[in-house]
file work-v5.cif (mmCIF, C-alpha atoms and all ligand atoms)
data_data
loop_
_atom_site.label_atom_id
_atom_site.label_comp_id
_atom_site.auth_asym_id
_atom_site.auth_seq_id
_atom_site.Cartn_x
_atom_site.Cartn_y
_atom_site.Cartn_z
CA MET A 1 26.03 7.36 16.58
CA ALA A 2 25.30 10.73 15.06
CA PHE A 3 28.08 12.02 12.89
CA ILE A 4 28.59 15.72 13.33
CA GLY A 5 30.83 17.21 10.71
CA SER A 6 31.51 20.42 8.86
CA LEU A 7 29.98 21.25 5.48
CA PRO A 8 30.98 18.74 2.81
CA SER A 9 34.27 19.69 1.31
CA LEU A 10 34.92 19.51 -2.41
CA HIS A 11 37.57 16.94 -1.69
CA LEU A 12 35.16 14.57 0.04
CA HIS A 13 32.61 15.04 -2.65
CA TYR A 14 35.27 14.16 -5.19
CA ASN A 15 36.03 10.96 -3.25
CA LEU A 16 32.39 10.10 -3.15
CA CYS A 17 32.13 10.57 -6.91
CA SER A 18 34.99 8.17 -7.50
CA TYR A 19 33.30 5.72 -5.15
CA TYR A 20 30.11 6.08 -7.10
CA LEU A 21 31.86 5.52 -10.44
CA ILE A 22 33.43 2.32 -9.12
CA PHE A 23 29.96 1.17 -8.13
CA PHE A 24 28.42 1.67 -11.52
CA SER A 25 31.36 0.19 -13.40
CA ALA A 26 31.27 -2.85 -11.10
CA PHE A 27 27.68 -3.80 -11.89
CA GLY A 28 26.12 -4.36 -15.25
CA HIS A 29 22.39 -4.31 -14.77
CA ALA A 30 21.47 -7.46 -16.66
CA VAL A 31 20.42 -9.13 -13.41
CA GLY A 32 20.66 -6.18 -11.05
CA ILE A 33 18.07 -5.01 -8.55
CA LEU A 34 17.99 -1.45 -9.88
CA SER A 35 15.82 -0.50 -12.82
CA GLN A 36 17.37 1.66 -15.53
CA GLU A 37 15.20 4.57 -14.33
CA SER A 38 16.53 4.22 -10.75
CA VAL A 39 20.12 4.19 -12.03
CA GLU A 40 19.47 7.33 -14.08
CA ARG A 41 17.73 9.13 -11.20
CA ILE A 42 20.56 8.36 -8.76
CA GLN A 43 23.10 9.44 -11.38
CA ARG A 44 21.29 12.74 -11.96
CA VAL A 45 20.97 13.79 -8.31
CA PHE A 46 24.53 12.71 -7.75
CA GLN A 47 25.86 14.88 -10.54
CA GLU A 48 23.84 17.79 -9.21
CA GLY A 49 25.55 17.26 -5.84
CA LYS A 50 22.23 16.80 -4.00
CA LEU A 51 23.49 14.35 -1.42
CA LYS A 52 20.30 14.20 0.62
CA GLU A 53 18.39 13.22 -2.49
CA VAL A 54 21.06 10.65 -3.33
CA VAL A 55 20.45 9.05 0.06
CA GLU A 56 16.67 9.10 -0.41
CA GLU A 57 16.89 7.64 -3.91
CA ILE A 58 19.18 4.84 -2.78
CA GLN A 59 17.02 4.19 0.26
CA GLU A 60 14.00 3.78 -1.98
CA ALA A 61 15.94 1.64 -4.44
CA LEU A 62 16.96 -0.64 -1.55
CA GLN A 63 13.52 -0.87 0.04
CA LYS A 64 11.51 -1.49 -3.10
CA PRO A 65 13.02 -4.91 -3.89
CA GLU A 66 12.92 -5.87 -0.20
CA ASN A 67 9.14 -5.43 0.00
CA ALA A 68 8.16 -6.41 -3.53
CA PRO A 69 5.58 -9.23 -3.53
CA LEU A 70 5.90 -11.91 -6.18
CA ASP A 71 2.78 -13.90 -7.13
CA VAL A 72 3.09 -16.87 -9.44
CA ALA A 73 -0.03 -18.54 -10.85
CA VAL A 74 0.21 -22.22 -11.78
CA ILE A 75 -2.62 -23.48 -13.98
CA GLY A 76 -3.45 -26.43 -16.22
CA GLN A 77 -5.23 -29.77 -16.49
CA SER A 78 -6.07 -31.71 -13.34
CA GLY A 79 -3.34 -34.18 -12.45
CA SER A 80 -0.75 -32.54 -14.71
CA GLY A 81 1.65 -31.96 -11.81
CA LYS A 82 0.83 -28.36 -10.84
CA SER A 83 1.19 -28.89 -7.09
CA SER A 84 4.36 -30.94 -7.59
CA PHE A 85 5.75 -28.15 -9.76
CA ILE A 86 5.09 -25.61 -6.97
CA ASN A 87 6.99 -27.81 -4.52
CA ALA A 88 9.89 -28.10 -6.95
CA LEU A 89 9.86 -24.31 -7.35
CA LEU A 90 9.81 -23.84 -3.56
CA GLY A 91 12.52 -26.45 -3.10
CA LEU A 92 10.23 -28.54 -0.85
CA GLY A 93 9.66 -32.28 -0.70
CA HIS A 94 6.01 -33.40 -1.13
CA GLU A 95 5.84 -34.47 2.52
CA GLU A 96 7.54 -31.43 4.00
CA GLU A 97 5.65 -28.88 6.07
CA GLY A 98 4.27 -26.07 3.96
CA SER A 99 4.37 -28.06 0.73
CA ALA A 100 1.47 -28.21 -1.74
CA HIS A 101 -0.68 -31.37 -1.55
CA VAL A 102 0.10 -33.85 -4.26
CA GLY A 103 -1.93 -36.91 -5.18
CA VAL A 104 -2.98 -39.38 -7.84
CA LEU A 105 -6.65 -38.33 -7.48
CA PRO A 106 -7.92 -34.83 -8.26
CA THR A 107 -6.43 -33.00 -5.30
CA THR A 108 -6.48 -29.22 -5.59
CA MET A 109 -10.13 -28.15 -5.50
CA LYS A 110 -9.77 -24.48 -4.73
CA LYS A 111 -7.30 -21.73 -5.30
CA THR A 112 -4.57 -22.20 -2.66
CA PRO A 113 -1.70 -19.82 -1.95
CA TYR A 114 1.65 -21.32 -0.90
CA GLN A 115 4.03 -18.91 0.72
CA HIS A 116 7.71 -19.55 0.38
CA PRO A 117 8.88 -20.85 3.78
CA LYS A 118 11.86 -18.48 3.90
CA TYR A 119 10.65 -15.56 1.74
CA PRO A 120 6.99 -14.92 2.59
CA SER A 121 6.61 -12.25 -0.08
CA VAL A 122 6.87 -15.01 -2.73
CA THR A 123 3.54 -16.78 -3.19
CA SER A 124 2.77 -19.57 -5.63
CA TRP A 125 -0.93 -19.95 -6.37
CA ASP A 126 -2.05 -23.50 -6.89
CA LEU A 127 -5.16 -23.18 -9.01
CA PRO A 128 -7.74 -25.94 -9.43
CA GLY A 129 -7.19 -28.24 -12.40
CA THR A 130 -9.27 -27.77 -15.51
CA GLY A 131 -10.98 -30.69 -17.31
CA THR A 132 -12.62 -32.56 -14.39
CA PRO A 133 -16.35 -32.78 -13.62
CA ASN A 134 -15.77 -30.50 -10.61
CA SER A 135 -13.81 -27.94 -12.63
CA LEU A 136 -14.65 -24.32 -12.30
CA PRO A 137 -17.70 -23.15 -14.27
CA ASP A 138 -15.62 -20.48 -15.95
CA PRO A 139 -11.94 -21.21 -15.32
CA TYR A 140 -10.87 -18.22 -17.40
CA LEU A 141 -12.75 -15.76 -15.26
CA GLU A 142 -11.86 -17.54 -12.02
CA ILE A 143 -8.22 -18.00 -12.88
CA VAL A 144 -7.22 -14.97 -14.85
CA GLY A 145 -9.82 -12.90 -12.96
CA ASP A 146 -8.78 -9.70 -11.28
CA ASP A 147 -5.86 -11.13 -9.34
CA ASP A 148 -2.56 -9.48 -9.97
CA TYR A 149 -0.22 -12.37 -10.70
CA ASP A 150 3.27 -11.57 -11.92
CA PHE A 151 3.27 -14.42 -14.42
CA PHE A 152 1.47 -17.63 -15.30
CA ILE A 153 2.83 -21.12 -15.67
CA ILE A 154 0.60 -23.29 -17.86
CA ILE A 155 1.28 -26.91 -17.02
CA SER A 156 0.60 -30.02 -19.04
CA SER A 157 1.78 -33.59 -18.66
CA SER A 158 0.51 -34.72 -22.06
CA ARG A 159 -0.62 -32.51 -24.90
CA PHE A 160 -1.52 -28.89 -24.42
CA SER A 161 -5.23 -28.51 -25.12
CA SER A 162 -7.30 -25.82 -26.77
CA ASN A 163 -8.32 -24.95 -23.18
CA ASP A 164 -4.69 -24.05 -22.48
CA ALA A 165 -4.50 -21.97 -25.66
CA LEU A 166 -7.63 -20.08 -24.65
CA LEU A 167 -6.16 -19.43 -21.20
CA ALA A 168 -2.94 -18.19 -22.80
CA GLN A 169 -5.00 -15.88 -25.01
CA LYS A 170 -6.79 -14.37 -21.99
CA ILE A 171 -3.52 -13.95 -20.10
CA LYS A 172 -1.96 -12.25 -23.11
CA GLU A 173 -4.90 -9.84 -23.27
CA LYS A 174 -4.07 -8.87 -19.67
CA GLY A 175 -0.51 -8.08 -20.75
CA LYS A 176 1.02 -10.75 -18.50
CA ASN A 177 3.76 -13.25 -19.32
CA PHE A 178 3.02 -16.96 -19.54
CA TYR A 179 5.21 -20.01 -19.93
CA PHE A 180 4.28 -23.52 -21.04
CA VAL A 181 5.73 -26.24 -18.87
CA ARG A 182 5.56 -29.89 -19.83
CA THR A 183 5.99 -32.03 -16.70
CA MET A 184 6.83 -35.72 -16.23
CA VAL A 185 9.47 -35.94 -18.95
CA ASP A 186 11.34 -38.37 -16.66
CA ALA A 187 8.44 -40.84 -16.94
CA GLU A 188 8.20 -40.35 -20.69
CA LEU A 189 11.93 -41.02 -21.14
CA HIS A 190 11.68 -44.06 -18.91
CA SER A 191 8.88 -45.64 -20.92
CA GLU A 192 10.58 -44.83 -24.24
CA GLU A 193 13.74 -46.50 -23.02
CA LYS A 194 11.78 -49.53 -21.86
CA SER A 195 9.94 -49.90 -25.13
CA LYS A 196 12.90 -49.20 -27.46
CA PRO A 197 16.02 -50.22 -25.52
CA ILE A 198 18.23 -50.43 -28.65
CA SER A 199 17.37 -47.26 -30.54
CA PHE A 200 16.62 -45.07 -27.46
CA LYS A 201 18.43 -41.72 -27.42
CA LYS A 202 17.49 -39.32 -24.66
CA GLU A 203 18.26 -36.11 -26.55
CA ARG A 204 16.30 -37.24 -29.60
CA VAL A 205 13.20 -38.10 -27.53
CA LEU A 206 13.36 -34.71 -25.78
CA GLN A 207 13.67 -32.95 -29.14
CA GLN A 208 10.67 -34.87 -30.47
CA ILE A 209 8.56 -33.86 -27.47
CA ARG A 210 9.65 -30.23 -27.86
CA ASP A 211 8.95 -30.12 -31.63
CA ASP A 212 5.57 -31.77 -31.13
CA TYR A 213 4.64 -29.17 -28.51
CA LEU A 214 5.73 -26.22 -30.58
CA ALA A 215 3.71 -27.55 -33.55
CA ILE A 216 0.59 -28.07 -31.40
CA LEU A 217 0.83 -24.65 -29.82
CA SER A 218 1.32 -22.97 -33.16
CA ASN A 219 -1.71 -24.93 -34.53
CA ILE A 220 -3.90 -23.72 -31.69
CA GLY A 221 -2.84 -20.16 -32.33
CA VAL A 222 -0.06 -19.46 -29.80
CA SER A 223 2.79 -17.64 -31.53
CA ASN A 224 6.41 -17.90 -30.30
CA PRO A 225 5.58 -19.94 -27.19
CA CYS A 226 8.16 -20.48 -24.42
CA VAL A 227 8.14 -24.25 -23.77
CA PHE A 228 10.07 -25.95 -20.99
CA LEU A 229 10.34 -29.70 -20.46
CA VAL A 230 10.75 -30.57 -16.79
CA SER A 231 10.59 -33.32 -14.21
CA ASN A 232 9.23 -32.18 -10.89
CA PHE A 233 11.27 -34.92 -9.26
CA HIS A 234 14.53 -33.51 -10.67
CA PRO A 235 14.43 -29.71 -10.62
CA ASP A 236 18.16 -29.60 -11.33
CA LYS A 237 17.70 -31.37 -14.66
CA PHE A 238 16.12 -30.85 -18.10
CA ASP A 239 14.73 -27.31 -18.65
CA PHE A 240 13.99 -26.43 -15.01
CA PRO A 241 17.11 -24.25 -14.50
CA ARG A 242 16.58 -22.58 -17.92
CA LEU A 243 12.96 -21.83 -16.95
CA GLN A 244 14.11 -20.10 -13.76
CA GLU A 245 16.72 -18.11 -15.68
CA THR A 246 14.04 -16.97 -18.15
CA LEU A 247 11.64 -15.97 -15.37
CA LEU A 248 14.43 -14.00 -13.73
CA GLN A 249 15.26 -12.08 -16.90
CA ASP A 250 11.61 -11.33 -17.65
CA LEU A 251 10.80 -9.95 -14.19
CA PRO A 252 10.91 -6.21 -13.54
CA ALA A 253 14.18 -5.25 -11.81
CA HIS A 254 12.68 -4.61 -8.36
CA LYS A 255 11.12 -8.10 -8.26
CA ARG A 256 14.35 -9.90 -9.14
CA TYR A 257 15.84 -9.63 -5.69
CA THR A 258 13.23 -11.82 -3.96
CA PHE A 259 13.10 -14.20 -6.91
CA VAL A 260 16.86 -14.70 -6.82
CA LEU A 261 16.98 -15.25 -3.07
CA GLN A 262 14.33 -17.96 -3.17
CA LEU A 263 16.11 -19.87 -5.97
CA SER A 264 17.64 -23.09 -4.72
CA ASN A 265 21.29 -23.68 -5.55
CA LEU A 266 20.66 -25.60 -8.73
CA SER A 267 23.66 -24.44 -10.70
CA ASP A 268 26.83 -22.36 -10.63
CA ALA A 269 24.98 -19.72 -12.64
CA PHE A 270 22.34 -19.22 -9.93
CA ILE A 271 24.97 -19.01 -7.23
CA GLU A 272 26.76 -16.33 -9.27
CA VAL A 273 23.54 -14.35 -9.76
CA LYS A 274 22.95 -14.40 -5.99
CA ARG A 275 26.53 -13.30 -5.41
CA VAL A 276 26.17 -10.35 -7.82
CA ILE A 277 22.83 -9.21 -6.42
CA LEU A 278 23.94 -9.36 -2.79
CA LYS A 279 27.15 -7.50 -3.64
CA GLU A 280 25.14 -4.86 -5.44
CA LYS A 281 23.04 -4.42 -2.33
CA ILE A 282 26.02 -3.90 -0.04
CA TRP A 283 27.55 -1.48 -2.57
CA LEU A 284 24.35 0.54 -2.52
CA ASN A 285 24.41 0.56 1.26
CA ALA A 286 28.06 1.62 1.15
CA LEU A 287 27.27 4.44 -1.24
CA LYS A 288 24.38 5.60 0.93
CA SER A 289 26.52 5.57 4.06
CA ALA A 290 29.35 7.38 2.33
CA ALA A 291 26.89 10.08 1.25
CA LEU A 292 25.47 10.28 4.78
CA ALA A 293 28.95 10.63 6.23
CA ILE A 294 29.50 13.95 4.53
CA ILE A 295 26.06 15.40 5.24
CA PRO A 296 26.26 17.22 8.59
CA PHE A 297 24.09 15.97 11.50
CA MET A 298 23.05 12.75 9.82
CA ALA A 299 22.95 9.45 11.68
CA PHE A 300 25.61 7.34 10.15
CA PHE A 301 27.52 4.29 11.15
CA SER A 302 27.02 2.49 14.42
CA GLY A 303 30.37 0.75 14.76
CA PHE A 304 32.06 -2.52 14.14
CA ASP A 305 30.99 -5.28 16.47
CA LEU A 306 31.57 -8.93 15.88
CA PRO A 307 28.23 -10.40 17.12
CA LYS A 308 26.50 -8.13 14.60
CA GLN A 309 28.81 -9.42 11.86
CA GLU A 310 28.09 -12.99 12.91
CA LYS A 311 24.37 -12.34 12.43
CA CYS A 312 25.14 -10.95 9.01
CA LEU A 313 27.17 -14.02 8.01
CA ASN A 314 24.29 -16.24 9.16
CA LEU A 315 21.90 -14.26 7.03
CA TYR A 316 24.09 -14.73 3.95
CA ARG A 317 24.34 -18.43 4.74
CA SER A 318 20.57 -18.62 4.81
CA TYR A 319 20.31 -16.75 1.47
CA PHE A 320 22.66 -19.29 -0.09
CA GLY A 321 20.97 -22.31 1.48
CA LEU A 322 23.70 -23.01 4.03
CA ASP A 323 21.65 -22.52 7.20
CA GLU A 324 21.87 -25.22 9.90
CA GLN A 325 18.94 -27.25 8.55
CA SER A 326 20.21 -27.16 4.95
CA VAL A 327 23.70 -28.19 6.08
CA LYS A 328 22.16 -31.24 7.80
CA GLU A 329 20.35 -32.13 4.58
CA ILE A 330 23.51 -31.69 2.49
CA ALA A 331 25.46 -33.88 4.93
CA GLN A 332 22.80 -36.56 4.64
CA LYS A 333 22.90 -36.39 0.85
CA LEU A 334 26.68 -36.66 0.81
CA GLY A 335 26.71 -39.41 3.42
CA SER A 336 28.95 -37.31 5.69
CA SER A 337 28.57 -35.90 9.17
CA VAL A 338 27.72 -32.25 9.78
CA GLN A 339 31.13 -31.93 11.39
CA GLU A 340 32.86 -33.16 8.21
CA ILE A 341 30.92 -30.63 6.15
CA LYS A 342 31.89 -27.88 8.58
CA SER A 343 35.56 -28.71 8.40
CA SER A 344 35.54 -28.80 4.57
CA THR A 345 34.04 -25.29 4.40
CA LYS A 346 35.13 -21.86 5.63
CA SER A 347 31.92 -20.01 6.36
CA LEU A 348 30.06 -22.36 8.70
CA ASP A 349 31.85 -21.47 11.90
CA PHE A 350 31.98 -17.70 12.31
CA TRP A 351 34.45 -17.56 15.21
CA LEU A 352 36.86 -19.99 13.59
CA PHE A 353 36.54 -18.05 10.34
CA VAL A 354 37.36 -14.78 12.07
CA LYS A 355 40.26 -16.36 13.97
CA ASN A 356 41.83 -18.30 11.08
CA ASP A 357 41.46 -15.65 8.53
CA SER A 358 42.29 -12.68 10.74
CA ILE A 359 39.40 -11.33 8.78
CA ALA A 360 38.96 -8.09 10.68
CA ALA A 361 42.62 -7.29 9.97
CA LYS A 362 42.18 -8.07 6.29
CA ALA A 363 39.07 -5.90 6.03
CA MET A 364 41.04 -3.14 7.70
CA LYS A 365 43.84 -3.51 5.12
CA CYS A 366 41.40 -3.28 2.20
CA ALA A 367 39.82 -0.18 3.72
CA GLU A 368 43.28 1.34 4.25
CA SER A 369 44.38 0.74 0.68
CA PHE A 370 41.11 2.19 -0.62
CA CYS A 371 41.66 5.30 1.48
CA SER A 372 45.27 5.70 0.34
CA VAL A 373 44.20 5.60 -3.34
CA ASN A 374 41.43 8.08 -2.66
CA GLY A 375 43.49 10.58 -0.71
CA GLY A 376 42.39 9.70 2.81
CA LEU A 377 38.81 9.66 4.06
CA ARG A 378 37.16 10.56 7.33
CA SER A 379 37.38 7.94 10.03
CA SER A 380 33.63 7.29 9.85
CA ILE A 381 33.92 6.39 6.17
CA PHE A 382 36.98 4.32 6.98
CA GLN A 383 34.97 2.39 9.60
CA PHE A 384 32.22 1.86 7.15
CA LEU A 385 34.59 0.57 4.46
CA LYS A 386 35.99 -1.91 6.93
CA VAL A 387 32.52 -3.41 7.39
CA TYR A 388 31.89 -3.23 3.67
CA PHE A 389 34.99 -5.29 2.83
CA LEU A 390 34.20 -7.75 5.60
CA ARG A 391 30.72 -8.35 4.18
CA LEU A 392 32.12 -8.69 0.69
CA LYS A 393 34.39 -11.40 2.04
CA PHE A 394 31.41 -13.12 3.73
CA ILE A 395 29.44 -13.21 0.49
CA ASN A 396 32.39 -14.56 -1.50
CA THR A 397 33.26 -17.21 1.08
CA VAL A 398 29.68 -18.46 1.48
CA ALA A 399 29.19 -18.50 -2.33
CA ASP A 400 32.44 -20.47 -2.81
CA ASP A 401 31.47 -22.95 -0.08
CA VAL A 402 28.04 -23.54 -1.53
CA LYS A 403 29.51 -24.02 -5.02
CA MET A 404 31.98 -26.59 -3.72
CA LEU A 405 29.16 -28.50 -1.97
CA LEU A 406 26.95 -28.30 -5.07
CA HIS A 407 29.72 -29.90 -7.15
CA LYS A 408 30.12 -32.65 -4.56
CA THR A 409 26.39 -33.44 -4.64
CA LEU A 410 26.36 -33.36 -8.46
CA GLU A 411 29.20 -35.90 -8.50
CA ILE A 412 27.05 -38.22 -6.36
CA ASP A 413 24.01 -37.75 -8.64
N1 LIG A 501 7.16 -39.04 -12.83
C1 LIG A 501 6.64 -37.86 -12.52
N2 LIG A 501 5.49 -37.80 -11.80
C2 LIG A 501 4.99 -36.58 -11.48
C3 LIG A 501 5.62 -35.37 -11.92
N3 LIG A 501 4.88 -34.33 -11.47
C4 LIG A 501 3.85 -34.87 -10.78
N4 LIG A 501 3.91 -36.22 -10.79
C5 LIG A 501 2.94 -37.13 -10.16
O1 LIG A 501 1.67 -36.89 -10.76
C6 LIG A 501 0.61 -37.00 -9.79
C7 LIG A 501 -0.25 -35.71 -9.80
O2 LIG A 501 0.56 -34.65 -9.34
P1 LIG A 501 -0.05 -33.32 -8.68
O3 LIG A 501 1.10 -32.42 -8.48
O4 LIG A 501 -0.91 -33.65 -7.51
O5 LIG A 501 -0.96 -32.79 -9.88
P2 LIG A 501 -1.99 -31.55 -9.88
O6 LIG A 501 -1.97 -30.96 -11.24
O7 LIG A 501 -1.70 -30.64 -8.76
O8 LIG A 501 -3.37 -32.31 -9.63
P3 LIG A 501 -4.78 -31.67 -9.15
O9 LIG A 501 -4.52 -30.91 -7.91
O10 LIG A 501 -5.61 -32.87 -8.91
O11 LIG A 501 -5.28 -30.82 -10.26
C8 LIG A 501 1.29 -37.30 -8.47
O12 LIG A 501 1.24 -38.68 -8.26
C9 LIG A 501 2.73 -36.83 -8.69
O13 LIG A 501 3.67 -37.55 -7.90
C10 LIG A 501 6.84 -35.47 -12.69
O14 LIG A 501 7.44 -34.49 -13.14
N5 LIG A 501 7.30 -36.74 -12.96
MG MG A 502 -2.87 -29.99 -7.19
#
call {"tool": "encode", "arguments": {"input": "work-v5.cif", "output": "structure tokens"}}
result
Amino acid sequence: MAFIGSLPSLHLHYNLCSYYLIFFSAFGHAVGILSQESVERIQRVFQEGKLKEVVEEIQEALQKPENAPLDVAVIGQSGSGKSSFINALLGLGHEEEGSAHVGVLPTTMKKTPYQHPKYPSVTSWDLPGTGTPNSLPDPYLEIVGDDDYDFFIIISSSRFSSNDALLAQKIKEKGKNFYFVRTMVDAELHSEEKSKPISFKKERVLQQIRDDYLAILSNIGVSNPCVFLVSNFHPDKFDFPRLQETLLQDLPAHKRYTFVLQLSNLSDAFIEVKRVILKEKIWLNALKSAALAIIPFMAFFSGFDLPKQEKCLNLYRSYFGLDEQSVKEIAQKLGSSVQEIKSSTKSLDFWLFVKNDSIAAKAMKCAESFCSVNGGLRSSIFQFLKVYFLRLKFINTVADDVKMLLHKTLEID
């Protein structure tokens, strides 16, 4: 629907400013999708009252993260668990479709990209193992080469070698980030416990492995290395979640969005990060639409229809790993039926959700109270706010459901 209005009044512009201030006070940008430069640019054009430019800036800020590719290179000795690590990162079982091939014999012979099944702009590159007779003639050139990876994961299941240090050196020269990951700590702990059942202490063994690694890396000339101890069989344990948090913080702002969406629900912290980022996105959309609503002759808001909202709820469910397939898997893990899971949650049945919660009425109330505080807004903005509050409610409900299910599965583990 095209919104045809008069020239923006001072009053409306004032309302928009207050809207904008709420937005920026609501989101710190520690994990946000906007870079500091984008925030400053939007702020500047806003203060200058250039609403068309505000819309363009926000549009760009929304599109950039959506289309940003993310390429992760995984390198290291043959058999160190590179392909298994990729599967853990993608949240795939070794036998699932689309997973990287894993095996006891040298398996990955050539550079293989693995696209994330749900987020195709995320690609993990499984690179051939070093240290076998068939290894690449010049792994440094082949691996570091001219490809534009966002970061490198250097994997080892035993000691990091001088090969790894040399690779790290080359990667550093390219100005890219790299992280050392020590796989198979589960197996190491298991054999320690078997061999020293009386004196075995898990934390002490992990600390010893970590100290040993830091000393080796410093000896082979790597200063301040980031080392993570993981088990590819248990991505929710050891340093795996901390590794993902570190990667997230180190990524440029526009790449965080895709990275966050593809994270599996390993912890409350990740669920919260997803919640913040998705809310930030709908705020930005709200701000854009509010700006559009007071620019004459601009296409604005196309109305409130429930099937469209159902699609939106399903999309959020998929972002949080609560799509139909994932719900089946969760039910299996918890030993419950899908029906039992559905009745213990609020977001899995849209029509029941809308009916029970009189959600449309609640969204309307929120929009009304916002308008009364802000001196009354045009009906188009009012309509938009109604959808905005509805979507906010979707995000919160799905995030709460997924958190509750995560806690249930953790109890079982
Ligand atoms: N216990 C345990 N075993 C692991 C772990 N990661 C990998 N493995 C096993 O180690 C073997 C080699 O794993 P891959 O992932 O194929 O290793 P890779 O580095 O890709 O090997 P290449 O492709 O041959 O270079 C497989 O049998 C895996 O199941 C882990 O964290 N813990
Ligand atoms: Mg492999």
call {"tool": "residues_near_point", "arguments": {"input": "work-v5.cif", "point": "(16.9, -29.9, -22.7)", "cutoff": "12 Å", "atoms": "all atoms listed in the file", "output": "list in words"}}
result
Arg182, Val185, Asp186, Lys202, Glu203, Arg204, Val205, Leu206, Gln207, Gln208, Ile209, Arg210, Asp211, Val227, Phe228, Leu229, Val230, Ser231, Asp236, Lys237, Phe238, Asp239, Phe240, Pro241, Arg242 and Leu243 of chain A
call {"tool": "closest_residue", "arguments": {"input": "work-v5.cif", "among": "A:Leu51, A:Tyr119, A:Ile155, A:Glu57", "to": "ligand MG 502 (chain A)", "atoms": "all atoms listed in the file"}}
result
A:Ile155
call {"tool": "closest_residue", "arguments": {"input": "work-v5.cif", "among": "A:Glu310, A:Ser337, A:Lys174, A:Leu315", "to": "Val354 of chain A", "atoms": "only C-alpha atoms"}}
result
A:Glu310
call {"tool": "residues_around", "arguments": {"input": "work-v5.cif", "residues": "Ser264 of chain A", "least_positions_apart": "4", "cutoff": "9 Å", "atoms": "all atoms listed in the file", "output": "list in words"}}
result
Leu89, Leu90, Gly91, Val260, Phe270, Ile271, Phe320 and Gly321 of chain A
call {"tool": "residues_around", "arguments": {"input": "work-v5.cif", "residues": "Asp401 of chain A", "least_positions_apart": "3", "cutoff": "6 Å", "atoms": "all atoms listed in the file", "output": "list in words"}}
result
Thr345, Val398 and Met404 of chain A
call {"tool": "residues_around", "arguments": {"input": "work-v5.cif", "residues": "Ala331 of chain A", "least_positions_apart": "6", "cutoff": "9 Å", "atoms": "all atoms listed in the file", "output": "list in words"}}
result
Ser337, Val338, Gln339, Glu340 and Ile341 of chain A
